[in-house]
$ cat work.txt   # compact mmCIF, N, CA and C atoms
# COMPACT_ATOMS: atom_id res chain seq x y z
N MET C 148 100.61 113.30 98.52
CA MET C 148 100.79 114.50 99.31
C MET C 148 99.79 114.50 100.47
N PRO C 149 100.28 114.61 101.69
CA PRO C 149 99.36 114.60 102.83
C PRO C 149 98.47 115.84 102.83
N LYS C 150 97.26 115.63 103.31
CA LYS C 150 96.31 116.74 103.43
C LYS C 150 96.40 117.26 104.86
N ILE C 151 96.87 118.48 104.99
CA ILE C 151 97.05 119.09 106.31
C ILE C 151 96.20 120.34 106.36
N LYS C 152 95.38 120.42 107.41
CA LYS C 152 94.46 121.54 107.54
C LYS C 152 94.46 122.04 108.98
N PRO C 153 94.18 123.32 109.17
CA PRO C 153 94.01 123.80 110.54
C PRO C 153 92.70 123.27 111.13
N ILE C 154 92.69 123.07 112.42
CA ILE C 154 91.50 122.52 113.06
C ILE C 154 90.28 123.42 112.87
N SER C 155 90.52 124.69 112.65
CA SER C 155 89.40 125.62 112.43
C SER C 155 88.60 125.26 111.18
N ASP C 156 89.19 124.50 110.26
CA ASP C 156 88.46 124.07 109.06
C ASP C 156 87.32 123.12 109.40
N LEU C 157 87.29 122.60 110.63
CA LEU C 157 86.20 121.71 111.03
C LEU C 157 84.87 122.44 111.17
N ARG C 158 84.90 123.76 111.10
CA ARG C 158 83.62 124.49 111.07
C ARG C 158 82.81 124.02 109.87
N ASN C 159 83.51 123.68 108.81
CA ASN C 159 82.88 123.10 107.61
C ASN C 159 83.30 121.63 107.54
N TYR C 160 82.91 120.88 108.57
CA TYR C 160 83.40 119.50 108.71
C TYR C 160 83.02 118.61 107.54
N THR C 161 81.89 118.88 106.88
CA THR C 161 81.50 118.06 105.73
C THR C 161 82.54 118.14 104.63
N GLU C 162 83.06 119.32 104.38
CA GLU C 162 84.10 119.47 103.36
C GLU C 162 85.36 118.71 103.75
N VAL C 163 85.74 118.79 105.01
CA VAL C 163 86.93 118.08 105.48
C VAL C 163 86.73 116.58 105.36
N LEU C 164 85.56 116.09 105.79
CA LEU C 164 85.29 114.66 105.72
C LEU C 164 85.27 114.15 104.28
N ASN C 165 84.83 114.97 103.36
CA ASN C 165 84.81 114.57 101.95
C ASN C 165 86.22 114.41 101.38
N GLU C 166 87.20 115.00 102.04
CA GLU C 166 88.59 114.88 101.57
C GLU C 166 89.28 113.63 102.11
N VAL C 167 88.67 112.97 103.09
CA VAL C 167 89.27 111.76 103.66
C VAL C 167 89.00 110.60 102.72
N ASN C 168 90.05 109.93 102.30
CA ASN C 168 89.94 108.76 101.43
C ASN C 168 90.69 107.61 102.06
N GLU C 169 90.37 106.40 101.62
CA GLU C 169 91.09 105.24 102.13
C GLU C 169 92.57 105.38 101.78
N GLY C 170 93.39 105.27 102.79
CA GLY C 170 94.84 105.41 102.59
C GLY C 170 95.31 106.85 102.57
N ASN C 171 94.39 107.80 102.68
CA ASN C 171 94.76 109.22 102.66
C ASN C 171 94.01 109.98 103.74
N PRO C 172 94.52 109.94 104.96
CA PRO C 172 93.85 110.66 106.04
C PRO C 172 94.03 112.17 105.89
N VAL C 173 93.25 112.90 106.63
CA VAL C 173 93.42 114.35 106.72
C VAL C 173 94.01 114.63 108.10
N TYR C 174 95.10 115.39 108.12
CA TYR C 174 95.76 115.75 109.37
C TYR C 174 95.32 117.15 109.77
N LEU C 175 95.02 117.30 111.05
CA LEU C 175 94.58 118.60 111.56
C LEU C 175 95.65 119.17 112.49
N THR C 176 95.85 120.46 112.38
CA THR C 176 96.83 121.13 113.21
C THR C 176 96.13 122.06 114.20
N ARG C 177 96.78 122.26 115.31
CA ARG C 177 96.32 123.24 116.30
C ARG C 177 97.53 124.11 116.62
N ASN C 178 97.36 125.40 116.44
CA ASN C 178 98.46 126.35 116.65
C ASN C 178 99.69 125.98 115.83
N GLY C 179 99.44 125.48 114.61
CA GLY C 179 100.52 125.17 113.69
C GLY C 179 101.22 123.84 113.94
N ARG C 180 100.75 123.08 114.91
CA ARG C 180 101.38 121.79 115.21
C ARG C 180 100.40 120.65 114.96
N GLY C 181 100.90 119.53 114.47
CA GLY C 181 100.07 118.37 114.23
C GLY C 181 99.39 117.91 115.51
N GLU C 182 98.09 117.65 115.43
CA GLU C 182 97.34 117.29 116.63
C GLU C 182 96.44 116.08 116.42
N TYR C 183 95.79 115.98 115.26
CA TYR C 183 94.81 114.93 115.01
C TYR C 183 94.94 114.40 113.60
N ALA C 184 94.37 113.21 113.41
CA ALA C 184 94.25 112.63 112.07
C ALA C 184 92.84 112.08 111.93
N ILE C 185 92.23 112.33 110.80
CA ILE C 185 90.91 111.77 110.50
C ILE C 185 91.14 110.73 109.41
N LEU C 186 90.72 109.48 109.71
CA LEU C 186 90.92 108.44 108.72
C LEU C 186 89.68 107.55 108.64
N LYS C 187 89.58 106.83 107.54
CA LYS C 187 88.47 105.91 107.33
C LYS C 187 88.57 104.77 108.34
N LEU C 188 87.42 104.23 108.72
CA LEU C 188 87.42 103.11 109.66
C LEU C 188 88.15 101.90 109.09
N SER C 189 88.08 101.70 107.79
CA SER C 189 88.80 100.57 107.19
C SER C 189 90.31 100.71 107.40
N ASP C 190 90.81 101.94 107.33
CA ASP C 190 92.24 102.16 107.59
C ASP C 190 92.57 101.90 109.06
N LEU C 191 91.68 102.31 109.96
CA LEU C 191 91.89 102.05 111.38
C LEU C 191 91.91 100.55 111.65
N ASP C 192 91.00 99.82 111.02
CA ASP C 192 90.97 98.36 111.19
C ASP C 192 92.26 97.73 110.69
N LYS C 193 92.78 98.21 109.57
CA LYS C 193 94.05 97.69 109.05
C LYS C 193 95.20 97.98 110.02
N LEU C 194 95.21 99.18 110.59
CA LEU C 194 96.26 99.52 111.56
C LEU C 194 96.20 98.62 112.78
N LYS C 195 94.99 98.39 113.28
CA LYS C 195 94.83 97.51 114.44
C LYS C 195 95.28 96.09 114.12
N ALA C 196 94.92 95.59 112.94
CA ALA C 196 95.31 94.24 112.55
C ALA C 196 96.83 94.14 112.40
N THR C 197 97.44 95.17 111.86
CA THR C 197 98.90 95.19 111.71
C THR C 197 99.58 95.17 113.06
N ILE C 198 99.09 95.96 113.99
CA ILE C 198 99.67 95.99 115.33
C ILE C 198 99.53 94.63 116.01
N LYS C 199 98.37 94.02 115.87
CA LYS C 199 98.15 92.70 116.47
C LYS C 199 99.09 91.67 115.86
N LEU C 200 99.22 91.68 114.53
CA LEU C 200 100.11 90.74 113.86
C LEU C 200 101.55 90.92 114.31
N LEU C 201 102.00 92.17 114.38
CA LEU C 201 103.37 92.44 114.81
C LEU C 201 103.59 91.98 116.26
N SER C 202 102.58 92.15 117.10
CA SER C 202 102.67 91.70 118.48
C SER C 202 102.80 90.18 118.55
N LEU C 203 101.99 89.47 117.75
CA LEU C 203 102.05 88.01 117.73
C LEU C 203 103.38 87.52 117.17
N LEU C 204 103.89 88.20 116.15
CA LEU C 204 105.19 87.83 115.60
C LEU C 204 106.30 88.03 116.63
N GLU C 205 106.20 89.10 117.41
CA GLU C 205 107.18 89.34 118.46
C GLU C 205 107.11 88.25 119.52
N GLU C 206 105.89 87.82 119.87
CA GLU C 206 105.76 86.72 120.83
C GLU C 206 106.43 85.46 120.30
N GLY C 207 106.22 85.16 119.03
CA GLY C 207 106.83 83.98 118.42
C GLY C 207 108.35 84.09 118.38
N GLU C 208 108.83 85.27 118.06
CA GLU C 208 110.28 85.50 118.04
C GLU C 208 110.88 85.31 119.43
N LYS C 209 110.20 85.85 120.43
CA LYS C 209 110.68 85.72 121.81
C LYS C 209 110.68 84.25 122.24
N SER C 210 109.61 83.54 121.90
CA SER C 210 109.52 82.13 122.24
C SER C 210 110.64 81.34 121.57
N ALA C 211 110.91 81.65 120.32
CA ALA C 211 111.97 80.94 119.59
C ALA C 211 113.34 81.22 120.21
N ARG C 212 113.56 82.45 120.65
CA ARG C 212 114.85 82.76 121.29
C ARG C 212 115.01 82.03 122.62
N GLU C 213 113.90 81.92 123.36
CA GLU C 213 113.96 81.30 124.68
C GLU C 213 113.94 79.77 124.61
N LYS C 214 113.12 79.22 123.73
CA LYS C 214 112.91 77.78 123.69
C LYS C 214 113.58 77.10 122.52
N GLY C 215 114.10 77.87 121.59
CA GLY C 215 114.76 77.31 120.42
C GLY C 215 113.81 77.21 119.23
N TRP C 216 114.41 77.14 118.07
CA TRP C 216 113.66 77.07 116.83
C TRP C 216 113.32 75.63 116.49
N LEU C 217 112.25 75.45 115.72
CA LEU C 217 111.91 74.13 115.20
C LEU C 217 112.50 73.98 113.81
N SER C 218 112.97 72.80 113.51
CA SER C 218 113.47 72.56 112.16
C SER C 218 112.28 72.36 111.23
N ALA C 219 112.54 72.45 109.94
CA ALA C 219 111.48 72.23 108.96
C ALA C 219 110.90 70.82 109.08
N ASP C 220 111.76 69.84 109.35
CA ASP C 220 111.30 68.46 109.53
C ASP C 220 110.38 68.33 110.74
N ASP C 221 110.71 69.03 111.84
CA ASP C 221 109.86 69.00 113.03
C ASP C 221 108.49 69.62 112.75
N VAL C 222 108.49 70.69 112.00
CA VAL C 222 107.21 71.34 111.65
C VAL C 222 106.36 70.42 110.79
N GLU C 223 106.97 69.81 109.80
CA GLU C 223 106.24 68.88 108.92
C GLU C 223 105.68 67.71 109.71
N THR C 224 106.47 67.18 110.64
CA THR C 224 106.02 66.06 111.46
C THR C 224 104.84 66.49 112.34
N THR C 225 104.94 67.66 112.96
CA THR C 225 103.88 68.18 113.81
C THR C 225 102.60 68.40 113.02
N LEU C 226 102.74 68.88 111.78
CA LEU C 226 101.56 69.13 110.94
C LEU C 226 101.08 67.89 110.20
N GLY C 227 101.83 66.80 110.30
CA GLY C 227 101.45 65.56 109.63
C GLY C 227 101.64 65.61 108.13
N LEU C 228 102.66 66.31 107.71
CA LEU C 228 102.95 66.42 106.26
C LEU C 228 104.00 65.43 105.81

$ encode --input "work.txt" --output "structure tokens"
Amino acid sequence: MPKIKPISDLRNYTEVLNEVNEGNPVYLTRNGRGEYAILKLSDLDKLKATIKLLSLLEEGEKSAREKGWLSADDVETTLGL
């Protein structure tokens, strides 16, 4: 269950920060609408790594569409297997 709190709860920011756990951010609302998320740095690092990986996979996919795919035999030969 997501933890959703009004931004005014930040007056007691220590209590809000104590509710943030890895994989469970606290979402803050302003005027009843979602505005911010507080998350652990480890979760932020995972998000950044995921975005980078997806970007690299997209580059590879684009390259394969434009230049063609390598066969398994070609990969093994290139890697010396």

$ atom_distance --input "work.txt" --atom1 "atom CA of C:Ile151" --atom2 "atom CA of C:Glu182"
10.5 Å

$ closest_residue --input "work.txt" --among "C:Ile198, C:Leu204, C:Val167, C:Ile154" --to "C:Leu186" --atoms "all atoms listed in the file"
C:Val167

$ residues_around --input "work.txt" --residues "stretch 168-171 of chain C" --least-positions-apart "2" --cutoff "6.5 Å" --atoms "only N, CA and C atoms" --output "ChimeraX atom specification"
/C:165-166,173,185-187,190

$ select_by_dssp --input "work.txt" --residues "stretch 154-187 of chain C" --states "helix (DSSP H, G or I)" --output "JSON, numbers by chain"
{"C": [154, 155, 156, 157, 158, 159, 160, 161, 162, 163, 164, 165, 166]}

$ atom_distance --input "work.txt" --atom1 "atom CA of C:Ser202" --atom2 "atom CA of C:Glu223"
25.0 Å

$ atom_distance --input "work.txt" --atom1 "atom C of C:Ser155" --atom2 "atom N of C:Lys193"
27.4 Å

$ select_by_dssp --input "work.txt" --residues "chain C" --states "strand (DSSP E or B)" --output "list in words"
Lys150, Ile151, Lys152, Pro153, Asn168, Asn171, Val173, Tyr174, Leu175, Thr176, Arg177, Arg180, Gly181, Glu182, Tyr183, Ala184 and Ile185 of chain C

$ closest_residue --input "work.txt" --among "C:Lys199, C:Pro172, C:Val222, C:Arg177" --to "C:Pro153" --atoms "only N, CA and C atoms"
C:Arg177

$ closest_residue --input "work.txt" --among "C:Glu213, C:Leu175, C:Ser218, C:Ala196" --to "C:Asp156" --atoms "only C-alpha atoms"
C:Leu175
